[in-house]
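J.: For reference, the file work.cif (mmCIF, C-alpha atoms and all ligand atoms) is included below:
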```
data_input
loop_
_atom_site.label_atom_id
_atom_site.label_comp_id
_atom_site.auth_asym_id
_atom_site.auth_seq_id
_atom_site.Cartn_x
_atom_site.Cartn_y
_atom_site.Cartn_z
CA MET A 1 73.41 -38.80 53.43
CA LYS A 2 70.71 -39.84 55.90
CA VAL A 3 67.68 -37.56 55.87
CA LEU A 4 64.76 -37.46 58.25
CA VAL A 5 61.68 -35.56 57.08
CA ILE A 6 59.43 -34.56 59.96
CA ASN A 7 56.11 -33.70 58.34
CA GLY A 8 54.08 -31.62 60.76
CA SER A 9 51.06 -31.00 58.53
CA PRO A 10 47.78 -32.48 59.76
CA ARG A 11 47.11 -33.26 56.09
CA GLY A 12 49.85 -35.88 56.20
CA GLU A 13 50.99 -36.90 52.74
CA LYS A 14 48.57 -34.45 51.10
CA SER A 15 50.44 -31.49 52.59
CA ASN A 16 51.37 -28.55 50.34
CA SER A 17 54.52 -28.04 52.36
CA LEU A 18 55.53 -31.68 51.98
CA ARG A 19 55.48 -31.23 48.19
CA LEU A 20 58.22 -28.64 48.63
CA ALA A 21 60.13 -30.95 50.97
CA VAL A 22 59.92 -33.79 48.44
CA ALA A 23 61.18 -31.47 45.67
CA PHE A 24 64.07 -30.39 47.93
CA LEU A 25 64.92 -34.05 48.56
CA LYS A 26 64.95 -34.73 44.83
CA GLY A 27 67.60 -32.03 44.56
CA LEU A 28 69.67 -33.60 47.34
CA GLY A 29 70.18 -36.63 45.08
CA GLU A 30 71.01 -40.03 46.56
CA THR A 31 69.79 -40.13 50.14
CA GLU A 32 68.59 -42.65 52.66
CA THR A 33 65.33 -41.09 53.75
CA ARG A 34 62.92 -41.65 56.62
CA TYR A 35 59.59 -39.86 56.92
CA PHE A 36 57.93 -39.11 60.22
CA HIS A 37 54.34 -38.04 59.51
CA VAL A 38 53.23 -36.47 62.76
CA ALA A 39 49.55 -36.76 61.78
CA GLN A 40 49.84 -40.55 61.60
CA LYS A 41 51.54 -40.87 65.00
CA GLN A 42 50.51 -40.81 68.61
CA ILE A 43 52.26 -37.88 70.23
CA ALA A 44 50.81 -36.81 73.55
CA ALA A 45 51.52 -33.41 75.03
CA CYS A 46 54.45 -33.18 77.44
CA ARG A 47 53.24 -33.58 81.05
CA GLY A 48 55.95 -31.34 82.47
CA CYS A 49 56.96 -33.96 85.04
CA PHE A 50 60.71 -33.62 84.28
CA ALA A 51 61.10 -37.39 84.84
CA CYS A 52 63.24 -37.47 81.66
CA TRP A 53 65.73 -35.26 83.53
CA SER A 54 65.72 -37.07 86.86
CA LYS A 55 63.99 -40.41 87.46
CA THR A 56 64.45 -41.87 83.96
CA PRO A 57 67.27 -39.77 82.44
CA GLY A 58 66.90 -39.38 78.67
CA LYS A 59 63.63 -41.28 78.59
CA CYS A 60 60.11 -39.95 78.58
CA VAL A 61 57.56 -41.66 80.81
CA ILE A 62 54.91 -41.50 78.07
CA ALA A 63 54.98 -44.59 75.86
CA ASP A 64 54.03 -43.33 72.42
CA ASP A 65 55.63 -42.50 69.05
CA ALA A 66 57.73 -39.54 70.22
CA ALA A 67 60.62 -41.91 71.05
CA GLU A 68 60.75 -42.96 67.38
CA ALA A 69 61.15 -39.32 66.28
CA LEU A 70 63.99 -38.83 68.78
CA ARG A 71 65.72 -42.02 67.65
CA ASP A 72 65.39 -40.98 63.99
CA GLN A 73 66.88 -37.56 64.74
CA LEU A 74 69.93 -39.23 66.24
CA TRP A 75 70.17 -41.40 63.13
CA ALA A 76 69.87 -38.55 60.58
CA ASP A 77 72.54 -36.27 59.15
CA VAL A 78 69.93 -33.81 57.91
CA ILE A 79 66.58 -33.11 59.55
CA VAL A 80 63.97 -31.52 57.29
CA TRP A 81 61.17 -29.85 59.23
CA SER A 82 58.17 -29.57 56.91
CA PHE A 83 54.94 -27.96 58.12
CA PRO A 84 52.31 -25.33 57.36
CA LEU A 85 52.33 -21.99 59.14
CA TYR A 86 49.57 -22.01 61.78
CA PHE A 87 48.85 -18.73 63.53
CA TYR A 88 52.37 -17.51 62.69
CA SER A 89 53.94 -20.56 64.26
CA VAL A 90 54.11 -24.36 63.90
CA PRO A 91 50.95 -26.53 64.10
CA GLY A 92 50.09 -27.73 67.61
CA ALA A 93 50.84 -31.40 67.00
CA LEU A 94 54.34 -30.52 65.83
CA LYS A 95 54.82 -28.23 68.81
CA ASN A 96 53.88 -31.18 71.03
CA LEU A 97 56.60 -33.23 69.35
CA ILE A 98 59.10 -30.41 69.84
CA ASP A 99 58.17 -30.16 73.54
CA ARG A 100 58.69 -33.90 73.81
CA GLN A 101 62.32 -33.42 72.80
CA LEU A 102 63.13 -32.49 76.38
CA PRO A 103 64.82 -35.90 77.02
CA MET A 104 67.39 -34.88 74.37
CA SER A 105 68.65 -32.12 76.67
CA LEU A 106 70.44 -32.27 80.00
CA PRO A 107 68.82 -30.33 82.83
CA PHE A 108 71.74 -28.01 83.58
CA MET A 109 71.67 -24.32 82.80
CA THR A 110 74.11 -22.98 80.24
CA GLU A 111 74.90 -19.59 78.74
CA ARG A 112 74.13 -19.09 75.08
CA THR A 113 77.00 -17.87 72.98
CA ASP A 114 75.05 -17.14 69.79
CA GLY A 115 73.27 -14.08 71.14
CA CYS A 116 69.93 -15.79 70.75
CA GLY A 117 68.06 -15.35 74.00
CA ASN A 118 69.34 -16.00 77.51
CA GLY A 119 69.82 -19.46 78.95
CA GLY A 120 69.82 -22.90 77.45
CA HIS A 121 70.42 -26.55 78.19
CA PRO A 122 73.29 -28.69 76.91
CA SER A 123 72.38 -31.49 74.57
CA ARG A 124 72.45 -35.01 75.98
CA TYR A 125 73.79 -36.21 72.62
CA ASP A 126 76.35 -34.89 70.19
CA MET A 127 74.08 -33.04 67.78
CA GLY A 128 76.88 -30.77 66.49
CA GLY A 129 77.08 -32.37 63.05
CA LYS A 130 73.33 -32.33 62.40
CA LYS A 131 71.94 -30.04 59.77
CA HIS A 132 68.43 -28.63 59.77
CA VAL A 133 66.25 -27.47 56.89
CA VAL A 134 62.94 -25.73 57.60
CA ILE A 135 60.35 -25.90 54.80
CA SER A 136 56.90 -24.37 55.07
CA THR A 137 54.01 -22.95 53.09
CA CYS A 138 51.53 -20.40 54.37
CA GLY A 139 48.16 -19.15 53.22
CA PHE A 140 48.84 -15.41 52.94
CA TYR A 141 50.20 -13.99 49.68
CA THR A 142 53.72 -13.72 51.01
CA ALA A 143 55.89 -15.48 53.57
CA GLU A 144 57.65 -12.21 54.29
CA GLY A 145 56.94 -10.89 57.78
CA ASN A 146 54.88 -13.94 58.75
CA TYR A 147 57.64 -16.30 59.90
CA ASP A 148 59.13 -14.30 62.79
CA GLY A 149 57.68 -16.76 65.33
CA VAL A 150 58.98 -19.78 63.40
CA CYS A 151 62.45 -18.26 62.97
CA SER A 152 62.58 -17.38 66.65
CA LEU A 153 61.72 -20.98 67.58
CA PHE A 154 64.31 -22.51 65.25
CA ASP A 155 66.95 -19.91 66.16
CA HIS A 156 66.60 -21.01 69.78
CA MET A 157 66.40 -24.71 68.89
CA CYS A 158 69.17 -24.97 66.30
CA GLY A 159 71.26 -21.84 66.92
CA ALA A 160 70.69 -18.46 65.31
CA GLY A 161 70.44 -18.88 61.54
CA ASN A 162 71.98 -22.31 61.83
CA TYR A 163 69.50 -23.87 59.42
CA GLU A 164 68.35 -23.46 55.83
CA THR A 165 64.82 -22.27 55.02
CA VAL A 166 62.26 -22.41 52.25
CA PHE A 167 59.17 -20.36 53.17
CA CYS A 168 56.50 -20.00 50.51
CA GLY A 169 53.37 -17.82 50.51
CA GLU A 170 50.19 -18.60 48.54
CA GLY A 171 50.60 -22.22 49.66
CA GLU A 172 47.06 -23.28 48.77
CA LEU A 173 47.89 -22.73 45.09
CA PHE A 174 49.73 -26.05 45.26
CA ARG A 175 46.32 -27.75 45.16
CA VAL A 176 44.74 -25.56 42.44
CA PRO A 177 44.87 -27.39 39.09
CA ALA A 178 44.88 -24.14 37.07
CA ALA A 179 48.00 -22.96 38.95
CA LYS A 180 50.01 -26.09 38.16
CA PRO A 181 52.36 -24.43 35.64
CA LEU A 182 53.30 -21.89 38.34
CA THR A 183 53.64 -24.33 41.19
CA ASP A 184 55.65 -26.75 39.04
CA MET A 185 58.04 -23.90 38.28
CA TYR A 186 58.36 -23.15 42.01
CA LEU A 187 58.96 -26.82 42.83
CA GLU A 188 61.69 -26.92 40.21
CA ASN A 189 63.37 -23.99 42.00
CA VAL A 190 63.05 -25.82 45.33
CA ARG A 191 64.64 -28.88 43.70
CA ARG A 192 67.50 -26.68 42.49
CA GLY A 193 67.82 -25.32 46.03
CA GLY A 194 68.21 -28.90 47.28
CA GLU A 195 70.88 -29.56 44.68
CA GLU A 196 72.83 -26.47 45.78
CA TYR A 197 72.39 -27.39 49.43
CA ALA A 198 73.86 -30.84 48.80
CA ARG A 199 76.78 -29.30 46.92
CA ASP A 200 77.50 -26.08 48.86
CA GLY A 201 75.67 -26.52 52.15
CA ARG A 202 73.27 -23.67 51.32
CA ILE A 203 70.81 -22.44 48.74
CA GLY A 204 72.55 -20.09 46.32
CA PRO A 205 71.51 -16.41 46.05
CA GLU A 206 69.94 -16.75 42.59
CA THR A 207 67.72 -19.63 43.62
CA ARG A 208 66.95 -17.89 46.91
CA ALA A 209 65.77 -14.83 44.94
CA LYS A 210 63.55 -17.05 42.76
CA LEU A 211 62.08 -18.71 45.83
CA SER A 212 61.08 -15.36 47.27
CA GLU A 213 59.13 -14.38 44.13
CA LEU A 214 55.37 -14.54 44.48
CA LEU A 215 53.60 -17.28 42.57
CA LEU A 216 50.86 -14.82 41.63
CA PRO A 217 50.71 -11.06 42.16
CA LYS A 218 49.05 -10.18 45.48
CA GLU A 219 45.80 -8.85 44.03
CA VAL A 220 45.33 -11.75 41.60
CA PHE A 221 46.08 -14.30 44.31
CA GLU A 222 43.75 -12.76 46.85
CA THR A 223 40.86 -12.55 44.35
CA GLN A 224 41.52 -16.15 43.37
CA ALA A 225 41.79 -17.27 46.99
CA ASN A 226 38.60 -15.49 48.00
CA ALA A 227 36.74 -17.08 45.06
CA SER A 228 38.02 -20.53 45.91
CA TRP A 229 35.92 -20.91 49.07
CA GLY A 230 32.80 -21.26 46.97
CA VAL A 231 30.66 -19.40 49.46
CA SER A 232 28.72 -16.16 49.35
CA PRO A 233 30.39 -12.98 50.72
CA ASP A 234 28.72 -13.50 54.13
CA GLY A 235 30.31 -16.97 54.26
CA GLN A 236 26.94 -18.76 54.47
CA ALA A 237 25.63 -20.05 51.11
CA LYS A 238 27.58 -22.64 49.11
CA ALA A 239 28.16 -21.76 45.45
CA ASP A 240 27.98 -24.26 42.60
CA GLU A 241 31.42 -25.80 41.99
CA THR A 242 31.35 -24.80 38.30
CA LEU A 243 30.86 -21.16 39.34
CA THR A 244 33.64 -21.36 41.94
CA PHE A 245 36.01 -22.87 39.40
CA THR A 246 35.09 -20.27 36.75
CA ARG A 247 35.63 -17.45 39.25
CA GLN A 248 39.02 -18.91 40.16
CA MET A 249 39.92 -19.00 36.49
CA ALA A 250 38.71 -15.40 36.00
CA ALA A 251 40.84 -14.33 38.95
CA MET A 252 43.92 -15.43 36.99
CA TYR A 253 43.06 -12.78 34.35
CA ARG A 254 45.91 -10.36 33.77
CA LYS A 255 44.69 -6.82 33.33
CA GLU A 256 47.90 -5.85 31.53
CA SER A 257 46.80 -8.02 28.59
CA TRP A 258 43.87 -5.68 27.83
CA ASP A 259 44.53 -4.17 24.39
CA GLY A 260 41.76 -1.58 24.29
CA LYS A 261 39.08 -4.13 23.39
CA ASP A 262 36.67 -5.68 25.90
CA ARG A 263 36.02 -9.35 25.17
CA VAL A 264 33.15 -11.54 26.26
CA LEU A 265 34.07 -15.16 26.77
CA GLU A 266 31.22 -17.57 27.34
CA ILE A 267 31.92 -20.97 28.86
CA ARG A 268 29.22 -23.61 28.58
CA TYR A 269 29.69 -26.72 30.68
CA THR A 270 27.67 -29.01 28.45
CA ASP A 271 27.16 -31.88 30.90
CA ARG A 272 26.32 -29.61 33.84
CA ASP A 273 23.80 -27.37 32.09
CA ARG A 274 25.72 -24.33 33.32
CA ALA A 275 27.04 -21.33 31.40
CA TYR A 276 28.92 -18.22 32.48
CA GLN A 277 30.28 -15.13 30.80
CA LEU A 278 33.64 -13.62 31.60
CA LEU A 279 34.15 -10.01 30.62
CA LEU A 280 37.83 -9.47 29.91
CA GLY A 281 38.11 -5.75 30.50
CA LYS A 282 40.46 -2.97 31.49
CA ASP A 283 39.93 -3.35 35.25
CA GLY A 284 39.41 -7.06 35.70
CA CYS A 285 37.38 -10.03 34.67
CA PRO A 286 33.91 -10.21 36.29
CA VAL A 287 31.91 -13.41 35.89
CA THR A 288 28.16 -13.27 35.24
CA GLU A 289 25.61 -16.05 35.28
CA ASP A 290 22.96 -14.41 33.09
CA CYS A 291 24.88 -14.68 29.77
CA ALA A 292 23.12 -11.53 28.56
CA ARG A 293 25.89 -10.24 26.32
CA THR A 294 26.74 -11.32 22.79
CA PRO A 295 29.85 -13.43 23.27
CA ASP A 296 32.99 -12.96 21.21
CA THR A 297 34.17 -16.49 21.95
CA VAL A 298 32.22 -19.52 23.18
CA ILE A 299 33.80 -22.57 24.74
CA GLU A 300 31.54 -25.62 24.88
CA THR A 301 33.08 -28.26 27.02
CA PRO A 302 32.27 -31.09 29.39
CA TRP A 303 33.18 -30.00 32.93
CA ASP A 304 35.77 -32.70 33.36
CA VAL A 305 37.57 -31.87 30.09
CA TRP A 306 37.88 -28.18 30.94
CA GLN A 307 39.30 -29.03 34.35
CA GLN A 308 41.94 -31.21 32.74
CA VAL A 309 42.80 -28.57 30.13
CA SER A 310 43.19 -25.86 32.77
CA SER A 311 45.40 -28.02 34.96
CA GLY A 312 47.62 -28.88 31.99
CA ALA A 313 46.75 -32.58 32.38
CA ILE A 314 45.73 -32.49 28.71
CA ARG A 315 46.81 -29.96 26.12
CA GLY A 316 44.12 -27.55 24.97
CA ASP A 317 45.00 -27.76 21.26
CA GLU A 318 45.15 -31.55 21.32
CA ALA A 319 41.82 -31.75 23.12
CA ILE A 320 40.24 -29.60 20.39
CA MET A 321 41.74 -31.79 17.64
CA LYS A 322 40.29 -34.83 19.37
CA GLY A 323 36.89 -33.11 19.51
CA LEU A 324 36.81 -33.17 23.32
CA TYR A 325 35.55 -29.57 23.40
CA ARG A 326 34.53 -26.91 20.89
CA ILE A 327 35.29 -23.26 20.30
CA ALA A 328 32.97 -20.92 18.40
CA GLY A 329 33.55 -17.30 17.38
CA ASP A 330 36.79 -15.33 17.72
CA PHE A 331 39.67 -17.77 18.06
CA THR A 332 42.33 -15.15 18.87
CA LEU A 333 41.38 -15.28 22.54
CA MET A 334 42.37 -18.93 22.54
CA MET A 335 45.60 -18.21 20.67
CA ARG A 336 46.50 -15.58 23.27
CA TRP A 337 45.22 -17.57 26.25
CA ASN A 338 48.49 -17.46 28.19
CA GLU A 339 48.69 -13.72 27.70
CA PHE A 340 45.20 -13.26 29.19
CA PHE A 341 45.20 -15.94 31.86
CA GLY A 342 48.83 -17.04 31.91
CA ALA A 343 51.07 -17.79 34.77
CA GLY A 344 53.08 -14.65 35.43
CA GLY A 345 55.08 -14.46 38.66
CA ALA A 346 55.71 -11.20 40.49
CA LYS A 347 58.38 -9.89 42.77
CA GLN A 348 57.88 -9.99 46.51
CA GLU A 349 56.74 -6.61 47.73
C1 LIG A 401 44.52 -23.41 61.87
C2 LIG A 401 45.20 -22.74 60.72
C3 LIG A 401 45.99 -21.64 60.96
C4 LIG A 401 46.65 -21.01 59.90
N1 LIG A 401 47.41 -19.91 60.16
C5 LIG A 401 48.03 -19.26 59.13
C6 LIG A 401 48.81 -18.10 59.38
O1 LIG A 401 49.00 -17.65 60.51
N2 LIG A 401 49.37 -17.47 58.33
C7 LIG A 401 49.22 -17.92 57.05
O2 LIG A 401 49.74 -17.31 56.12
N3 LIG A 401 48.52 -19.07 56.79
C8 LIG A 401 47.92 -19.73 57.79
N4 LIG A 401 47.21 -20.89 57.54
C9 LIG A 401 47.19 -21.45 56.17
C10 LIG A 401 48.19 -22.61 55.97
O3 LIG A 401 49.47 -22.25 56.42
C11 LIG A 401 48.25 -22.98 54.48
O4 LIG A 401 46.98 -23.39 54.08
C12 LIG A 401 49.31 -24.02 54.15
O5 LIG A 401 49.63 -23.98 52.77
C13 LIG A 401 48.84 -25.44 54.46
O6 LIG A 401 49.92 -26.29 54.23
P1 LIG A 401 49.91 -27.88 54.35
O7 LIG A 401 49.10 -28.41 53.19
O8 LIG A 401 51.34 -28.26 54.28
O9 LIG A 401 49.26 -28.24 55.66
C14 LIG A 401 46.53 -21.51 58.57
C15 LIG A 401 45.73 -22.66 58.35
C16 LIG A 401 45.06 -23.25 59.41
C17 LIG A 401 44.20 -24.47 59.13
#
```
Translate the structure of the given file into structure tokens.
Ligand SMILES: Cc1cc2nc3c(=O)[nH]c(=O)nc-3n(C[C@H](O)[C@H](O)[C@H](O)COP(=O)(O)O)c2cc1C

T.:
Amino acid sequence: MKVLVINGSPRGEKSNSLRLAVAFLKGLGETETRYFHVAQKQIAACRGCFACWSKTPGKCVIADDAAEALRDQLWADVIVWSFPLYFYSVPGALKNLIDRQLPMSLPFMTERTDGCGNGGHPSRYDMGGKKHVVISTCGFYTAEGNYDGVCSLFDHMCGAGNYETVFCGEGELFRVPAAKPLTDMYLENVRRGGEEYARDGRIGPETRAKLSELLLPKEVFETQANASWGVSPDGQAKADETLTFTRQMAAMYRKESWDGKDRVLEIRYTDRDRAYQLLLGKDGCPVTEDCARTPDTVIETPWDVWQQVSSGAIRGDEAIMKGLYRIAGDFTLMMRWNEFFGAGGAKQE
């Protein structure tokens, strides 16, 4: 199977969405794969001259990298469109590439038979056997209701519903170390989706249901996302990165774990001369900088070590055994860490 991945994220290989596309490809198994990273290419905007339909049929007058993308699409059996959602649509650079596909059509007017809009153009090439997969992450908590523009575009381009999709909300979690257990789980489901697609030509209903589950519940995600900007509520002042990180961690607190007892967790970043208190309460987990309460549990850790523990890069218990960080006071909070701050998914609302 020959697969072309068109990566439309301006972040290139650091794209959240591309991580999903790569997981999907893993599931496809043995493939011959080409990547077209739009951000690394020169793709000018279409000039609207229609020369590709008249003077130089099938060929654009602009000499840049768009021709390579067209050639690769003719080569591929499966085209994976991977991109972030930008203003409820595809990013501009990818839209430019899509506009530059005009040489792939013939100029004549045709009727559509799939009920998707009125009017179309026949393809210059036999694209009948090509399959399309559309993979995208977005920044809001859910993909639901935010992809109408994208679906409309691909319905018109590929034929109504004639493509497979993976749309994932809370996309920025794919770069949050503390969310790695959750995002790894999601990527595993995307991989399974790829496996099913290779076998059955579609993602099965069970995997589809898993892929539409939220990574984090709406409220937890939005608190976490708001904290992650590291700026004051008016968007002006920059917060210290240790405070931003601690707020992000506190946002992962699960209120349901409250057992009638408030707990004060103090975290001291020993090499940064910073300390914060997290109050694990009934209604949430506020973070304070004054450390005025008597803590139940104190974590004393170098900044770097705590980052690695929270991302799962090193195991917390092993790091303690190795003396990389220290715990004082009530140890039960540590024993029940996953219950308090664990990675619990939630159903799409
Ligand atoms: C210019 C711009 C517009 C965006 N528009 C939306 C949007 O309409 N809806 C949304 O949920 N997220 C939006 N986002 C967030 C991105 O979709 C999100 O951060 C995504 O995970 C980035 O994926 P990438 O790493 O693959 O580029 C926007 C981001 C930018 C920079």

J.: Could you give me the residues within 7 Å of ligand LIG 401 (chain A), counting all atoms listed in the file, as an MDAnalysis selection string?

T.: chainID A and resid 9:11 14:18 83:89 136:140 143 146 169:172

J.: Extract, using all atoms listed in the file, all DNA, RNA and protein residues at most 9 Å from Ala313 of chain A, discarding same-chain residues fewer than 5 positions from it, and format them as a list in words.

T.: Pro177, Gln307 and Gln308 of chain A

J.: So which residues fall inside 10 Å of (26.2, -24.6, 32.6) if we count all atoms listed in the file? Mind giving them as a list in words?

T.: Thr242, Leu243, Ile267, Arg268, Tyr269, Thr270, Asp271, Arg272, Asp273, Arg274, Ala275, Tyr276, Glu289, Glu300, Thr301, Pro302 and Trp303 of chain A

J.: Do you have the atom CA of Gly128 of chain A-atom CA of His37 of chain A distance handy?

T.: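 Going from atom CA of Gly128 of chain A over to atom CA of His37 of chain A covers 24.7 Å.
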
J.: Find the spatial neighbours of segment 24-34 of chain A, counting all atoms listed in the file, within a cut-off of 8 Å - ignore same-chain residues fewer than 6 positions away - and output them as a short mmCIF file (atom, residue, chain, number, x, y, z; two decimals) with C-alpha atoms, in the frame of the given file.

T.:
```cif
data_model
loop_
_atom_site.label_atom_id
_atom_site.label_comp_id
_atom_site.auth_asym_id
_atom_site.auth_seq_id
_atom_site.Cartn_x
_atom_site.Cartn_y
_atom_site.Cartn_z
CA MET A 1 73.41 -38.80 53.43
CA LYS A 2 70.71 -39.84 55.90
CA VAL A 3 67.68 -37.56 55.87
CA LEU A 4 64.76 -37.46 58.25
CA VAL A 5 61.68 -35.56 57.08
CA ASP A 72 65.39 -40.98 63.99
CA VAL A 190 63.05 -25.82 45.33
CA ARG A 191 64.64 -28.88 43.70
CA ARG A 192 67.50 -26.68 42.49
CA GLY A 193 67.82 -25.32 46.03
CA GLY A 194 68.21 -28.90 47.28
CA GLU A 195 70.88 -29.56 44.68
CA GLU A 196 72.83 -26.47 45.78
CA TYR A 197 72.39 -27.39 49.43
CA ALA A 198 73.86 -30.84 48.80
#
```

J.: Which residues are near Tyr253 of chain A? Cut-off 9 Å, all atoms listed in the file, ignore same chain within fewer than 3 positions. Put them as number ranges by chain.

T.: A: 220, 249-250, 256-257, 280, 284-285, 339-342

J.: Compile the contact shell of Thr110 of chain A as a PyMOL selection string: residues with an atom at most 7 Å away, counting only C-alpha atoms, same-chain residues fewer than 4 positions apart removed.

T.: chain A and resi 119-122

J.: Please compute the atom CA of Arg293 of chain A-atom CA of Met252 of chain A distance, one decimal, in Å.

T.: 21.6 Å

J.: By how many Å are atom CA of Tyr163 of chain A and atom CA of Pro103 of chain A apart?

T.: 21.8 Å

J.: Can you tell me, as a CSV table (one decimal) with C-alpha atoms, keeping the file's coordinate frame, what residues are no more than 10 Å from Lys210 of chain A when counting only C-alpha atoms, ignoring any on the same chain fewer than 2 positions away?

T.:
```
chain,number,residue,atom,x,y,z
A,185,MET,CA,58.0,-23.9,38.3
A,186,TYR,CA,58.4,-23.2,42.0
A,189,ASN,CA,63.4,-24.0,42.0
A,190,VAL,CA,63.0,-25.8,45.3
A,193,GLY,CA,67.8,-25.3,46.0
A,205,PRO,CA,71.5,-16.4,46.0
A,206,GLU,CA,69.9,-16.8,42.6
A,207,THR,CA,67.7,-19.6,43.6
A,208,ARG,CA,67.0,-17.9,46.9
A,212,SER,CA,61.1,-15.4,47.3
A,213,GLU,CA,59.1,-14.4,44.1
A,214,LEU,CA,55.4,-14.5,44.5
A,215,LEU,CA,53.6,-17.3,42.6
A,345,GLY,CA,55.1,-14.5,38.7
A,347,LYS,CA,58.4,-9.9,42.8
A,348,GLN,CA,57.9,-10.0,46.5
```

J.: Set up a box along x, y and z of the file covering all listed atoms of segment 169-178 of chain A, add 4 Å on every one of the six sides, and write the centre and edge lengths in Å to one decimal, as JSON.

T.:
```
{"center_x": 49.1, "center_y": -22.8, "center_z": 43.8, "size_x": 16.6, "size_y": 17.9, "size_z": 21.4}
```

J.: Which residue out of A:Ser54, A:Thr165, A:Thr246, A:Gln277 has the minimum interatomic distance to Ser228 of chain A when all atoms listed in the file are used?

T.: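 Counting all atoms listed in the file, the residue closest to Ser228 of chain A is A:Thr246.
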
J.: Which residue out of A:Phe108, A:Tyr147, A:Trp53, A:Tyr35 has the minimum interatomic distance to Ser82 of chain A when only C-alpha atoms are used?

T.: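 Closest residue, counting only C-alpha atoms: A:Tyr35.
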
J.: Anything within 6 Å of (69.6, -32.4, 78.6): list those residues as a ChimeraX atom specification, counting all atoms listed in the file and sticking to the file's coordinates.

T.: /A:104-107,121-124

J.: Taking into account all atoms listed in the file, which residue in the set A:Ala69, A:Met157, A:Leu265, A:Ala23 is nearest to Thr183 of chain A?

T.: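 The answer is A:Ala23, which sits nearest to Thr183 of chain A.
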
J.: Which of these, A:Ala39, A:Thr332, A:Asp283, A:Ala93, has the shortest distance to Gly260 of chain A once you count all atoms listed in the file?

T.: A:Asp283
